[in-house]
file target.cif (mmCIF, C-alpha atoms and all ligand atoms)
data_data
loop_
_atom_site.label_atom_id
_atom_site.label_comp_id
_atom_site.auth_asym_id
_atom_site.auth_seq_id
_atom_site.Cartn_x
_atom_site.Cartn_y
_atom_site.Cartn_z
CA LEU L 1 -217.59 13.24 -52.16
CA ALA L 2 -216.73 14.42 -55.63
CA GLN L 3 -213.02 15.11 -56.14
CA ASP L 4 -213.94 18.78 -56.65
CA ASN L 5 -215.15 19.12 -53.09
CA VAL L 6 -212.03 17.72 -51.50
CA PHE L 7 -208.90 19.71 -50.71
CA LYS L 8 -205.89 17.45 -50.30
CA ILE L 9 -202.75 18.20 -48.32
CA GLY L 10 -199.89 15.75 -48.91
CA LEU L 11 -197.88 15.82 -45.68
CA ILE L 12 -194.47 14.18 -46.21
CA LEU L 13 -192.56 13.62 -42.98
CA PRO L 14 -189.89 11.41 -41.43
CA MET L 15 -192.15 9.17 -39.31
CA THR L 16 -189.43 6.55 -38.75
CA GLY L 17 -185.64 6.67 -38.53
CA GLN L 18 -183.29 9.27 -37.07
CA GLN L 19 -185.65 12.24 -37.62
CA ALA L 20 -188.83 10.49 -36.39
CA THR L 21 -189.50 12.97 -33.58
CA THR L 22 -189.87 15.70 -36.21
CA GLY L 23 -192.55 13.67 -37.99
CA ARG L 24 -194.37 12.81 -34.79
CA GLN L 25 -194.44 16.46 -33.66
CA ILE L 26 -195.58 17.88 -37.01
CA GLU L 27 -198.25 15.25 -37.65
CA ALA L 28 -199.66 15.82 -34.14
CA ALA L 29 -199.68 19.59 -34.67
CA ALA L 30 -201.38 19.36 -38.07
CA LYS L 31 -204.06 17.09 -36.63
CA LEU L 32 -204.54 19.43 -33.68
CA TYR L 33 -204.99 22.38 -36.03
CA MET L 34 -207.69 20.47 -37.92
CA GLN L 35 -209.36 19.35 -34.70
CA LEU L 36 -209.58 22.95 -33.49
CA ASN L 37 -210.53 24.54 -36.83
CA GLY L 38 -212.68 21.86 -38.43
CA ASP L 39 -212.07 19.95 -41.64
CA THR L 40 -214.42 21.95 -43.88
CA VAL L 41 -212.99 25.15 -45.36
CA ALA L 42 -214.63 27.23 -48.10
CA GLY L 43 -217.07 24.37 -48.64
CA LYS L 44 -214.30 21.83 -49.18
CA LYS L 45 -213.44 18.81 -47.10
CA VAL L 46 -209.79 19.04 -46.09
CA GLN L 47 -208.00 15.72 -46.30
CA LEU L 48 -204.55 15.18 -44.78
CA ILE L 49 -202.51 12.43 -46.45
CA VAL L 50 -199.46 11.58 -44.30
CA LYS L 51 -196.50 9.80 -45.92
CA ASP L 52 -193.29 8.60 -44.26
CA ASP L 53 -190.14 9.48 -46.24
CA THR L 54 -187.83 8.02 -43.54
CA SER L 55 -185.85 11.27 -44.13
CA LEU L 56 -184.32 9.89 -47.35
CA PRO L 57 -184.60 12.55 -50.10
CA ASP L 58 -185.05 10.00 -52.92
CA VAL L 59 -188.07 8.66 -51.07
CA THR L 60 -189.39 12.19 -50.48
CA ARG L 61 -189.18 12.92 -54.21
CA ARG L 62 -190.96 9.69 -55.18
CA LEU L 63 -193.73 10.29 -52.62
CA ALA L 64 -194.18 13.89 -53.77
CA GLN L 65 -194.46 12.74 -57.39
CA GLU L 66 -197.08 10.11 -56.46
CA LEU L 67 -199.05 12.58 -54.38
CA VAL L 68 -199.14 15.12 -57.21
CA VAL L 69 -199.84 12.68 -60.07
CA ASN L 70 -202.06 10.03 -58.45
CA GLU L 71 -203.69 11.84 -55.52
CA LYS L 72 -203.79 15.25 -57.22
CA VAL L 73 -202.95 16.98 -53.93
CA ASN L 74 -203.52 20.74 -53.76
CA VAL L 75 -200.56 21.36 -51.47
CA LEU L 76 -197.36 19.52 -50.56
CA ALA L 77 -196.22 20.07 -46.96
CA GLY L 78 -193.89 18.84 -44.21
CA PHE L 79 -190.20 18.20 -45.14
CA GLY L 80 -188.23 17.20 -42.05
CA ILE L 81 -184.75 17.88 -43.39
CA THR L 82 -183.24 20.18 -46.00
CA PRO L 83 -182.39 17.50 -48.61
CA SER L 84 -186.06 16.38 -48.59
CA ALA L 85 -187.30 19.93 -49.15
CA THR L 86 -184.89 20.64 -52.01
CA ALA L 87 -185.49 17.23 -53.67
CA THR L 88 -189.18 18.13 -53.96
CA ALA L 89 -188.65 21.66 -55.30
CA PRO L 90 -188.60 20.72 -59.05
CA ILE L 91 -191.88 18.81 -58.63
CA ALA L 92 -193.49 21.83 -56.95
CA THR L 93 -192.30 24.08 -59.79
CA GLN L 94 -193.36 21.79 -62.64
CA SER L 95 -196.79 20.99 -61.21
CA LYS L 96 -197.38 24.52 -59.80
CA THR L 97 -198.11 23.03 -56.38
CA PRO L 98 -197.31 25.10 -53.27
CA GLU L 99 -194.68 23.39 -51.10
CA VAL L 100 -195.06 24.44 -47.48
CA VAL L 101 -191.80 23.74 -45.65
CA MET L 102 -192.67 23.20 -41.98
CA ALA L 103 -189.31 21.95 -40.62
CA ALA L 104 -186.25 22.26 -42.86
CA ALA L 105 -184.22 25.41 -42.22
CA THR L 106 -181.34 25.99 -44.64
CA SER L 107 -181.56 29.57 -45.89
CA SER L 108 -181.45 28.72 -49.61
CA ILE L 109 -184.45 26.32 -49.60
CA THR L 110 -186.96 29.03 -50.55
CA GLU L 111 -184.83 29.87 -53.60
CA ALA L 112 -185.09 26.30 -54.94
CA SER L 113 -188.65 26.90 -56.23
CA PRO L 114 -190.97 29.94 -56.49
CA TYR L 115 -193.69 27.62 -55.07
CA ILE L 116 -191.94 27.15 -51.70
CA VAL L 117 -193.31 28.91 -48.62
CA ARG L 118 -191.62 28.35 -45.25
CA THR L 119 -193.16 28.35 -41.74
CA SER L 120 -190.17 27.00 -39.79
CA PHE L 121 -187.10 29.26 -39.51
CA THR L 122 -183.61 29.63 -40.95
CA LEU L 123 -180.31 28.87 -39.24
CA PRO L 124 -178.86 32.32 -40.10
CA GLN L 125 -181.94 33.86 -38.42
CA ALA L 126 -181.32 31.90 -35.22
CA SER L 127 -177.50 32.04 -35.15
CA VAL L 128 -176.84 35.75 -35.55
CA ALA L 129 -178.63 36.72 -32.31
CA LEU L 130 -176.41 34.41 -30.28
CA ALA L 131 -173.25 35.83 -31.88
CA ASP L 132 -174.40 39.28 -30.73
CA TRP L 133 -175.11 38.06 -27.20
CA ALA L 134 -171.94 35.96 -26.63
CA PRO L 135 -169.12 38.54 -26.63
CA LYS L 136 -171.12 40.81 -24.32
CA ASN L 137 -171.29 37.91 -21.88
CA GLY L 138 -167.65 36.89 -21.57
CA ILE L 139 -167.59 34.51 -24.55
CA LYS L 140 -164.86 35.61 -26.98
CA LYS L 141 -163.13 32.39 -28.06
CA VAL L 142 -165.48 29.81 -29.55
CA VAL L 143 -165.30 26.42 -31.26
CA THR L 144 -168.23 25.56 -33.54
CA LEU L 145 -169.59 22.02 -33.94
CA VAL L 146 -172.28 21.47 -36.56
CA SER L 147 -173.94 18.68 -38.52
CA ASP L 148 -172.24 18.54 -41.90
CA TYR L 149 -175.03 19.61 -44.27
CA GLY L 150 -177.03 22.71 -45.27
CA PRO L 151 -178.37 24.02 -41.95
CA GLY L 152 -175.13 23.24 -40.09
CA ILE L 153 -173.02 25.03 -42.69
CA ASP L 154 -175.38 28.04 -42.52
CA ALA L 155 -175.16 28.09 -38.72
CA GLU L 156 -171.36 27.85 -38.75
CA LYS L 157 -170.94 30.60 -41.35
CA PHE L 158 -173.39 33.15 -39.94
CA PHE L 159 -172.38 32.60 -36.31
CA LYS L 160 -168.68 32.94 -37.17
CA GLU L 161 -169.01 36.05 -39.34
CA ARG L 162 -171.11 37.89 -36.77
CA LEU L 163 -168.95 36.84 -33.82
CA GLN L 164 -165.83 38.09 -35.61
CA PHE L 165 -167.60 41.33 -36.48
CA ASN L 166 -168.30 41.71 -32.76
CA GLY L 167 -164.64 41.18 -31.84
CA GLY L 168 -164.85 37.48 -30.95
CA GLN L 169 -163.04 34.60 -32.57
CA VAL L 170 -163.93 31.13 -33.85
CA VAL L 171 -160.74 29.13 -33.28
CA GLU L 172 -161.91 25.88 -34.88
CA SER L 173 -164.93 24.75 -36.93
CA LEU L 174 -165.83 21.08 -36.57
CA ARG L 175 -168.38 19.20 -38.68
CA VAL L 176 -169.98 15.88 -37.75
CA PRO L 177 -171.86 13.58 -40.15
CA LEU L 178 -175.65 13.89 -40.19
CA ARG L 179 -176.17 10.10 -40.09
CA ASN L 180 -175.14 8.23 -36.93
CA PRO L 181 -172.78 10.87 -35.58
CA ASP L 182 -170.19 9.95 -32.95
CA PHE L 183 -169.55 13.13 -30.98
CA ALA L 184 -166.82 11.74 -28.70
CA PRO L 185 -163.70 12.46 -30.81
CA PHE L 186 -164.97 15.96 -31.61
CA LEU L 187 -165.66 16.76 -27.97
CA GLN L 188 -162.17 15.56 -27.02
CA LYS L 189 -160.76 18.01 -29.52
CA VAL L 190 -162.88 20.82 -28.06
CA ARG L 191 -161.59 19.99 -24.57
CA ASP L 192 -158.02 20.31 -25.79
CA LEU L 193 -158.72 23.66 -27.46
CA LYS L 194 -160.27 25.08 -24.22
CA PRO L 195 -162.53 27.74 -25.79
CA ASP L 196 -164.83 29.92 -23.67
CA ALA L 197 -167.75 28.17 -25.35
CA LEU L 198 -168.75 25.47 -27.78
CA PHE L 199 -171.41 26.60 -30.29
CA VAL L 200 -173.53 23.64 -31.45
CA PHE L 201 -176.02 23.02 -34.22
CA VAL L 202 -177.45 19.53 -34.59
CA PRO L 203 -180.90 18.79 -36.01
CA SER L 204 -183.94 18.19 -33.83
CA GLY L 205 -183.66 14.81 -32.12
CA ALA L 206 -179.85 14.76 -31.91
CA GLY L 207 -179.47 17.35 -29.14
CA ALA L 208 -179.73 14.99 -26.19
CA ALA L 209 -176.83 12.83 -27.42
CA VAL L 210 -174.48 15.82 -27.77
CA MET L 211 -175.46 17.35 -24.47
CA LYS L 212 -175.17 14.10 -22.52
CA GLN L 213 -171.65 13.47 -23.88
CA PHE L 214 -170.69 17.09 -23.22
CA ILE L 215 -171.76 16.71 -19.60
CA GLU L 216 -170.24 13.21 -19.15
CA ARG L 217 -166.87 14.50 -20.30
CA GLY L 218 -166.97 17.25 -17.68
CA MET L 219 -166.62 19.97 -20.32
CA ASP L 220 -168.74 22.42 -18.34
CA LYS L 221 -166.66 21.75 -15.22
CA ALA L 222 -163.54 22.45 -17.30
CA GLY L 223 -164.94 25.94 -17.88
CA ILE L 224 -166.32 25.40 -21.41
CA LYS L 225 -169.88 26.63 -21.82
CA MET L 226 -172.30 25.15 -24.33
CA ILE L 227 -174.28 27.56 -26.49
CA GLY L 228 -176.22 26.94 -29.68
CA THR L 229 -179.36 27.39 -31.67
CA GLY L 230 -182.40 26.03 -29.84
CA ASP L 231 -182.30 22.78 -31.81
CA VAL L 232 -179.87 21.42 -29.19
CA THR L 233 -182.17 22.11 -26.22
CA ASP L 234 -185.22 20.85 -28.13
CA ASP L 235 -188.39 20.86 -26.01
CA ASP L 236 -189.05 17.30 -27.22
CA GLN L 237 -185.95 16.07 -25.34
CA LEU L 238 -185.06 18.68 -22.75
CA ASN L 239 -186.41 16.83 -19.69
CA ASP L 240 -184.54 13.67 -20.74
CA ILE L 241 -181.22 15.53 -20.83
CA GLY L 242 -181.58 16.36 -17.15
CA ASP L 243 -180.00 18.93 -14.84
CA GLY L 244 -176.76 19.03 -16.84
CA ALA L 245 -178.65 21.23 -19.30
CA LEU L 246 -179.35 23.91 -16.66
CA GLY L 247 -177.93 27.28 -17.64
CA VAL L 248 -177.39 26.51 -21.34
CA VAL L 249 -178.10 29.64 -23.40
CA THR L 250 -179.56 29.26 -26.90
CA SER L 251 -181.27 31.45 -29.48
CA HIS L 252 -184.39 30.32 -31.32
CA HIS L 253 -187.85 31.24 -32.53
CA TYR L 254 -189.91 28.99 -30.25
CA SER L 255 -189.97 27.83 -26.65
CA ALA L 256 -192.81 25.85 -25.07
CA ALA L 257 -192.36 28.31 -22.19
CA HIS L 258 -193.14 31.36 -24.38
CA PRO L 259 -195.38 33.31 -22.02
CA SER L 260 -198.22 34.39 -24.35
CA ALA L 261 -201.86 33.42 -23.78
CA MET L 262 -201.97 31.86 -27.24
CA ASN L 263 -198.95 29.67 -26.50
CA LYS L 264 -200.25 28.56 -23.12
CA LYS L 265 -203.41 27.36 -24.83
CA PHE L 266 -201.42 25.74 -27.66
CA VAL L 267 -199.19 23.80 -25.24
CA ALA L 268 -202.18 22.69 -23.14
CA ASP L 269 -204.22 21.60 -26.19
CA PHE L 270 -201.24 19.79 -27.72
CA LYS L 271 -200.43 17.92 -24.51
CA LYS L 272 -204.05 16.96 -24.01
CA ALA L 273 -204.31 15.52 -27.52
CA ASN L 274 -200.95 13.69 -27.31
CA LYS L 275 -200.66 11.93 -23.91
CA GLY L 276 -198.72 14.79 -22.32
CA LEU L 277 -196.15 15.23 -25.11
CA ARG L 278 -194.70 18.75 -25.04
CA PRO L 279 -194.76 20.55 -28.42
CA ASN L 280 -191.39 21.63 -29.80
CA PHE L 281 -190.41 24.09 -32.54
CA MET L 282 -191.25 21.50 -35.20
CA ALA L 283 -194.83 21.30 -33.91
CA VAL L 284 -195.16 25.08 -34.20
CA GLY L 285 -193.86 25.03 -37.79
CA GLY L 286 -196.51 22.41 -38.60
CA TYR L 287 -199.32 24.20 -36.80
CA ASP L 288 -198.56 27.53 -38.49
CA GLY L 289 -198.11 25.80 -41.84
CA MET L 290 -201.67 24.51 -41.55
CA ARG L 291 -202.81 28.01 -40.69
CA VAL L 292 -201.17 29.39 -43.83
CA ILE L 293 -202.83 26.66 -45.95
CA TYR L 294 -206.30 27.08 -44.35
CA GLU L 295 -206.27 30.86 -44.77
CA ALA L 296 -205.13 30.59 -48.39
CA LEU L 297 -207.97 28.15 -49.08
CA LYS L 298 -210.47 30.48 -47.35
CA LYS L 299 -209.29 33.47 -49.37
CA THR L 300 -209.35 31.74 -52.77
CA GLY L 301 -212.35 29.47 -52.16
CA GLY L 302 -210.21 26.79 -53.73
CA LYS L 303 -210.44 28.47 -57.14
CA GLY L 304 -207.46 29.30 -59.33
CA GLY L 305 -205.29 26.30 -58.46
CA GLY L 306 -201.76 26.39 -57.08
CA ASP L 307 -200.92 29.89 -58.29
CA ALA L 308 -203.90 31.44 -56.50
CA LEU L 309 -203.13 29.51 -53.32
CA LEU L 310 -199.50 30.59 -53.44
CA ALA L 311 -200.48 34.24 -53.89
CA ALA L 312 -202.79 33.96 -50.87
CA MET L 313 -200.00 32.47 -48.76
CA LYS L 314 -197.61 35.36 -49.48
CA GLY L 315 -197.84 38.23 -47.04
CA GLN L 316 -199.95 36.47 -44.41
CA ILE L 317 -199.47 38.14 -41.05
CA PHE L 318 -200.64 36.50 -37.85
CA GLU L 319 -200.01 35.64 -34.24
CA SER L 320 -198.33 32.25 -33.83
CA PRO L 321 -197.76 30.41 -30.53
CA ARG L 322 -194.14 31.61 -31.01
CA GLY L 323 -195.16 35.29 -31.25
CA PRO L 324 -196.03 37.62 -34.16
CA VAL L 325 -194.95 36.39 -37.62
CA TYR L 326 -195.45 37.09 -41.31
CA ILE L 327 -194.67 35.40 -44.61
CA ASP L 328 -192.45 37.82 -46.54
CA ALA L 329 -194.20 38.30 -49.90
CA GLN L 330 -190.88 38.63 -51.77
CA THR L 331 -188.88 35.76 -50.29
CA ARG L 332 -191.81 33.52 -49.15
CA ASP L 333 -189.80 33.01 -45.96
CA ILE L 334 -191.03 33.58 -42.41
CA VAL L 335 -190.16 36.78 -40.53
CA GLN L 336 -190.28 36.34 -36.76
CA ASN L 337 -188.88 37.20 -33.35
CA ILE L 338 -185.73 35.44 -32.21
CA TYR L 339 -185.45 34.90 -28.47
CA LEU L 340 -182.46 34.38 -26.21
CA ARG L 341 -183.28 31.68 -23.70
CA LYS L 342 -181.67 29.93 -20.75
CA VAL L 343 -182.49 26.40 -19.55
CA GLN L 344 -184.13 26.68 -16.13
CA ARG L 345 -186.26 24.55 -13.87
CA LYS L 346 -189.88 25.67 -13.71
CA ASP L 347 -192.73 23.78 -12.03
CA GLY L 348 -190.43 20.76 -11.68
CA GLU L 349 -189.53 20.59 -15.38
CA LEU L 350 -186.77 21.97 -17.60
CA TYR L 351 -187.66 24.76 -20.00
CA ASN L 352 -185.96 27.23 -22.33
CA VAL L 353 -186.89 30.39 -20.47
CA GLU L 354 -186.81 33.48 -22.70
CA PHE L 355 -184.85 36.47 -21.36
CA ASP L 356 -184.41 38.72 -24.41
CA VAL L 357 -185.95 39.21 -27.85
CA ILE L 358 -184.85 40.55 -31.24
CA LYS L 359 -188.02 41.50 -33.08
CA ASP L 360 -189.12 40.80 -36.67
CA VAL L 361 -185.92 39.10 -37.83
CA LYS L 362 -185.73 38.46 -41.59
CA ASP L 363 -183.52 35.66 -42.86
CA PRO L 364 -180.01 37.22 -42.98
CA GLY L 365 -179.08 34.59 -45.58
CA LYS L 366 -181.11 36.21 -48.37
CA SER L 367 -179.08 38.33 -50.76
CA LYS L 368 -182.10 40.33 -51.91
C1 LIG V 1 -183.09 20.94 -40.27
C2 LIG V 1 -183.53 19.85 -39.55
C3 LIG V 1 -183.73 19.97 -38.19
O1 LIG V 1 -184.17 18.93 -37.45
C4 LIG V 1 -183.47 21.18 -37.54
O2 LIG V 1 -183.66 21.26 -36.20
C5 LIG V 1 -183.04 22.27 -38.27
C6 LIG V 1 -182.84 22.15 -39.63
C7 LIG V 1 -182.85 20.80 -41.73
O3 LIG V 1 -182.51 19.71 -42.20
O4 LIG V 1 -183.01 21.80 -42.44
#
call {"tool": "encode", "arguments": {"input": "target.cif", "output": "structure tokens", "more": "lines below"}}
Ligand code: DHB
result
Amino acid sequence: LAQDNVFKIGLILPMTGQQATTGRQIEAAAKLYMQLNGDTVAGKKVQLIVKDDTSLPDVTRRLAQELVVNEKVNVLAGFGITPSATATAPIATQSKTPEVVMAAATSSITEASPYIVRTSFTLPQASVALADWAPKNGIKKVVTLVSDYGPGIDAEKFFKERLQFNGGQVVESLRVPLRNPDFAPFLQKVRDLKPDALFVFVPSGAGAAVMKQFIERGMDKAGIKMIGTGDVTDDDQLNDIGDGALGVVTSHHYSAAHPSAMNKKFVADFKKANKGLRPNFMAVGGYDGMRVIYEALKKTGGKGGGDALLAAMKGQIFESPRGPVYIDAQTRDIVQNIYLRKVQRKDGELYNVEFDVIKDVKDPGKSK
């Protein structure tokens, strides 16, 4: 095939290392999208080029550069963690290549380049809903525990500000390193402080370790509840955590138990294509990211380069497995429902069962 008739998507993901589950989920979702929608769009053959950045931002930047210069990709996509997304931003800007962020979730990412479009979520978006719910449900005194980088700092700040506005109090804010965290000394501190609840943000893949240590230390029996954004009760790991997770309330944009017809089909298709693996919120970010790319290609016919593609990504409005969403044309960030969910047993498995919804939530972290 002539180069002209190929449309290349450079998908940079952590396929190995601490964030590997994010890569596995997003790659599987992107492949599923292509399987269900074909690999020919507007007369072009869509080619997915997957690269493993091991979640090191220097590697992400080098891979992005190679994909743009050597492979002449039409779109850069993926980005498992915030530092990877921001490291690539200057390359997206200089080469006028849309950068579709499918995972990373620090509010400011979309401001790092006018070529960034996001299909994941932001931590302010997810955190604020929980800070509205908590004080109405007997949780007034809270300790926060977050991974010490962009999304964690966003979660800490927005949760705390909103909780205080609602008459609650954050008595201590603890930060753990992103790499190889040891939660034990932090949890001991929380036990001594005896808050009504511990609010947690850790990235996808790290939730099971925190929850298991929380349970082992008898924190819940000591009357301390765990709450957090849905990253901690990640669908990828929830069944491994076990019954100790029952009752944990989180706020997030996606649950595999979301009861729409579209999601039921998505979960069934995903499991069938991936030996029973349950899709998590990363998978949905990847699946919807592919949707945004496919529709932009359809609309432009592949003409007009990166600027035309970017324009066709802005303002897209569609039903996702998570519910109704749109790409805000001004901020290029996703607007979506945020759900309150409680871990419950359903059909013999653990799920985040949705019990309330805040509709069409824009990222509260944007100043304009
Ligand atoms: C980020 C990574 C995650 O795995 C997650 O669940 C949320 C945010 C990030 O680095 O932006």
call {"tool": "residues_near_ligand", "arguments": {"input": "target.cif", "ligand": "ligand LIG 1 (chain V)", "cutoff": "10 Å", "atoms": "all atoms listed in the file", "output": "number ranges by chain"}}
result
L: 18-23, 55, 79-86, 101-107, 109, 120-123, 147, 149-152, 154-155, 178, 201-207, 229-232, 234, 281-282
call {"tool": "closest_residue", "arguments": {"input": "target.cif", "among": "L:Val292, L:Leu238, L:Gly138, L:Leu130", "to": "Asp356 (chain L)", "atoms": "all atoms listed in the file"}}
result
L:Leu130
call {"tool": "closest_residue", "arguments": {"input": "target.cif", "among": "L:Asn137, L:Thr40, L:Ser113, L:Gln94", "to": "Lys225 (chain L)", "atoms": "only C-alpha atoms"}}
result
L:Asn137
call {"tool": "atom_distance", "arguments": {"input": "target.cif", "atom1": "CA of Gly17 (chain L)", "atom2": "CA of Ala283 (chain L)"}}
result
17.9 Å
call {"tool": "closest_residue", "arguments": {"input": "target.cif", "among": "L:Val50, L:Ile224, L:Ala42, L:Ala131", "to": "Met15 (chain L)", "atoms": "all atoms listed in the file"}}
result
L:Val50
call {"tool": "residues_around", "arguments": {"input": "target.cif", "residues": "Arg61 (chain L)", "least_positions_apart": "2", "cutoff": "10 Å", "atoms": "only C-alpha atoms", "output": "number ranges by chain"}}
result
L: 12, 53, 56-59, 63-67, 83-91
call {"tool": "residues_near_point", "arguments": {"input": "target.cif", "point": "(-165.9, 22.1, -40.0)", "cutoff": "10 Å", "atoms": "only C-alpha atoms", "output": "PyMOL selection string"}}
result
chain L and resi 143-148+152-153+156-157+172-176
call {"tool": "closest_residue", "arguments": {"input": "target.cif", "among": "L:Ser127, L:Gly10, L:Val41, L:Gln237", "to": "Gly301 (chain L)", "atoms": "all atoms listed in the file"}}
result
L:Val41
call {"tool": "decode", "arguments": {"input": "target.cif", "residues": "region 241-307 of chain L", "atoms": "C-alpha atoms", "output": "PDB file, in the first residue's frame"}}
result
ATOM      1  CA  ILE L 241      -8.695  -7.640  46.642  1.00  0.00           C
ATOM      2  CA  GLY L 242     -11.478  -9.832  47.994  1.00  0.00           C
ATOM      3  CA  ASP L 243     -14.315  -9.299  50.460  1.00  0.00           C
ATOM      4  CA  GLY L 244     -12.381  -6.688  52.441  1.00  0.00           C
ATOM      5  CA  ALA L 245     -13.291  -4.277  49.644  1.00  0.00           C
ATOM      6  CA  LEU L 246     -17.046  -4.719  50.233  1.00  0.00           C
ATOM      7  CA  GLY L 247     -18.754  -1.442  51.066  1.00  0.00           C
ATOM      8  CA  VAL L 248     -15.962   0.867  49.867  1.00  0.00           C
ATOM      9  CA  VAL L 249     -17.488   3.993  48.304  1.00  0.00           C
ATOM     10  CA  THR L 250     -15.681   5.699  45.417  1.00  0.00           C
ATOM     11  CA  SER L 251     -16.478   8.248  42.724  1.00  0.00           C
ATOM     12  CA  HIS L 252     -15.458   7.732  39.108  1.00  0.00           C
ATOM     13  CA  HIS L 253     -16.497   7.919  35.476  1.00  0.00           C
ATOM     14  CA  TYR L 254     -16.566   4.202  34.676  1.00  0.00           C
ATOM     15  CA  SER L 255     -17.652   0.939  36.249  1.00  0.00           C
ATOM     16  CA  ALA L 256     -17.768  -2.402  34.430  1.00  0.00           C
ATOM     17  CA  ALA L 257     -21.158  -2.740  36.155  1.00  0.00           C
ATOM     18  CA  HIS L 258     -22.568   0.403  34.473  1.00  0.00           C
ATOM     19  CA  PRO L 259     -26.037  -0.837  33.554  1.00  0.00           C
ATOM     20  CA  SER L 260     -26.407   0.457  29.965  1.00  0.00           C
ATOM     21  CA  ALA L 261     -26.995  -1.840  26.985  1.00  0.00           C
ATOM     22  CA  MET L 262     -23.894  -0.418  25.311  1.00  0.00           C
ATOM     23  CA  ASN L 263     -21.722  -1.214  28.327  1.00  0.00           C
ATOM     24  CA  LYS L 264     -23.075  -4.734  28.697  1.00  0.00           C
ATOM     25  CA  LYS L 265     -22.090  -5.403  25.106  1.00  0.00           C
ATOM     26  CA  PHE L 266     -18.698  -3.708  25.576  1.00  0.00           C
ATOM     27  CA  VAL L 267     -17.873  -5.811  28.657  1.00  0.00           C
ATOM     28  CA  ALA L 268     -19.000  -9.038  26.951  1.00  0.00           C
ATOM     29  CA  ASP L 269     -17.045  -8.300  23.739  1.00  0.00           C
ATOM     30  CA  PHE L 270     -13.935  -7.281  25.695  1.00  0.00           C
ATOM     31  CA  LYS L 271     -13.998 -10.403  27.863  1.00  0.00           C
ATOM     32  CA  LYS L 272     -14.550 -12.636  24.864  1.00  0.00           C
ATOM     33  CA  ALA L 273     -11.559 -11.156  23.029  1.00  0.00           C
ATOM     34  CA  ASN L 274      -9.290 -11.239  26.115  1.00  0.00           C
ATOM     35  CA  LYS L 275      -9.691 -14.605  27.914  1.00  0.00           C
ATOM     36  CA  GLY L 276     -12.259 -13.273  30.371  1.00  0.00           C
ATOM     37  CA  LEU L 277     -10.347 -10.124  31.395  1.00  0.00           C
ATOM     38  CA  ARG L 278     -12.740  -7.480  32.734  1.00  0.00           C
ATOM     39  CA  PRO L 279     -12.311  -4.025  31.156  1.00  0.00           C
ATOM     40  CA  ASN L 280     -11.447  -1.189  33.532  1.00  0.00           C
ATOM     41  CA  PHE L 281     -11.599   2.604  33.167  1.00  0.00           C
ATOM     42  CA  MET L 282      -8.340   2.566  31.202  1.00  0.00           C
ATOM     43  CA  ALA L 283      -9.908   0.270  28.597  1.00  0.00           C
ATOM     44  CA  VAL L 284     -12.808   2.694  28.184  1.00  0.00           C
ATOM     45  CA  GLY L 285     -10.431   5.634  27.709  1.00  0.00           C
ATOM     46  CA  GLY L 286      -8.673   3.646  24.973  1.00  0.00           C
ATOM     47  CA  TYR L 287     -11.870   2.497  23.293  1.00  0.00           C
ATOM     48  CA  ASP L 288     -13.338   6.006  23.217  1.00  0.00           C
ATOM     49  CA  GLY L 289     -10.016   7.449  22.088  1.00  0.00           C
ATOM     50  CA  MET L 290     -10.167   5.178  19.044  1.00  0.00           C
ATOM     51  CA  ARG L 291     -13.717   6.339  18.430  1.00  0.00           C
ATOM     52  CA  VAL L 292     -12.610   9.968  18.474  1.00  0.00           C
ATOM     53  CA  ILE L 293      -9.768   9.180  16.019  1.00  0.00           C
ATOM     54  CA  TYR L 294     -11.959   7.090  13.659  1.00  0.00           C
ATOM     55  CA  GLU L 295     -14.699   9.730  13.510  1.00  0.00           C
ATOM     56  CA  ALA L 296     -12.169  12.504  12.876  1.00  0.00           C
ATOM     57  CA  LEU L 297     -10.680  10.472  10.023  1.00  0.00           C
ATOM     58  CA  LYS L 298     -14.165   9.811   8.592  1.00  0.00           C
ATOM     59  CA  LYS L 299     -15.074  13.492   8.737  1.00  0.00           C
ATOM     60  CA  THR L 300     -11.865  14.785   7.131  1.00  0.00           C
ATOM     61  CA  GLY L 301     -11.268  11.893   4.733  1.00  0.00           C
ATOM     62  CA  GLY L 302      -7.689  12.099   5.913  1.00  0.00           C
ATOM     63  CA  LYS L 303      -7.209  15.445   4.166  1.00  0.00           C
ATOM     64  CA  GLY L 304      -5.813  18.552   5.829  1.00  0.00           C
ATOM     65  CA  GLY L 305      -3.317  16.856   8.143  1.00  0.00           C
ATOM     66  CA  GLY L 306      -3.141  17.203  11.910  1.00  0.00           C
ATOM     67  CA  ASP L 307      -4.985  20.513  12.127  1.00  0.00           C
TER      68      ASP L 307
END
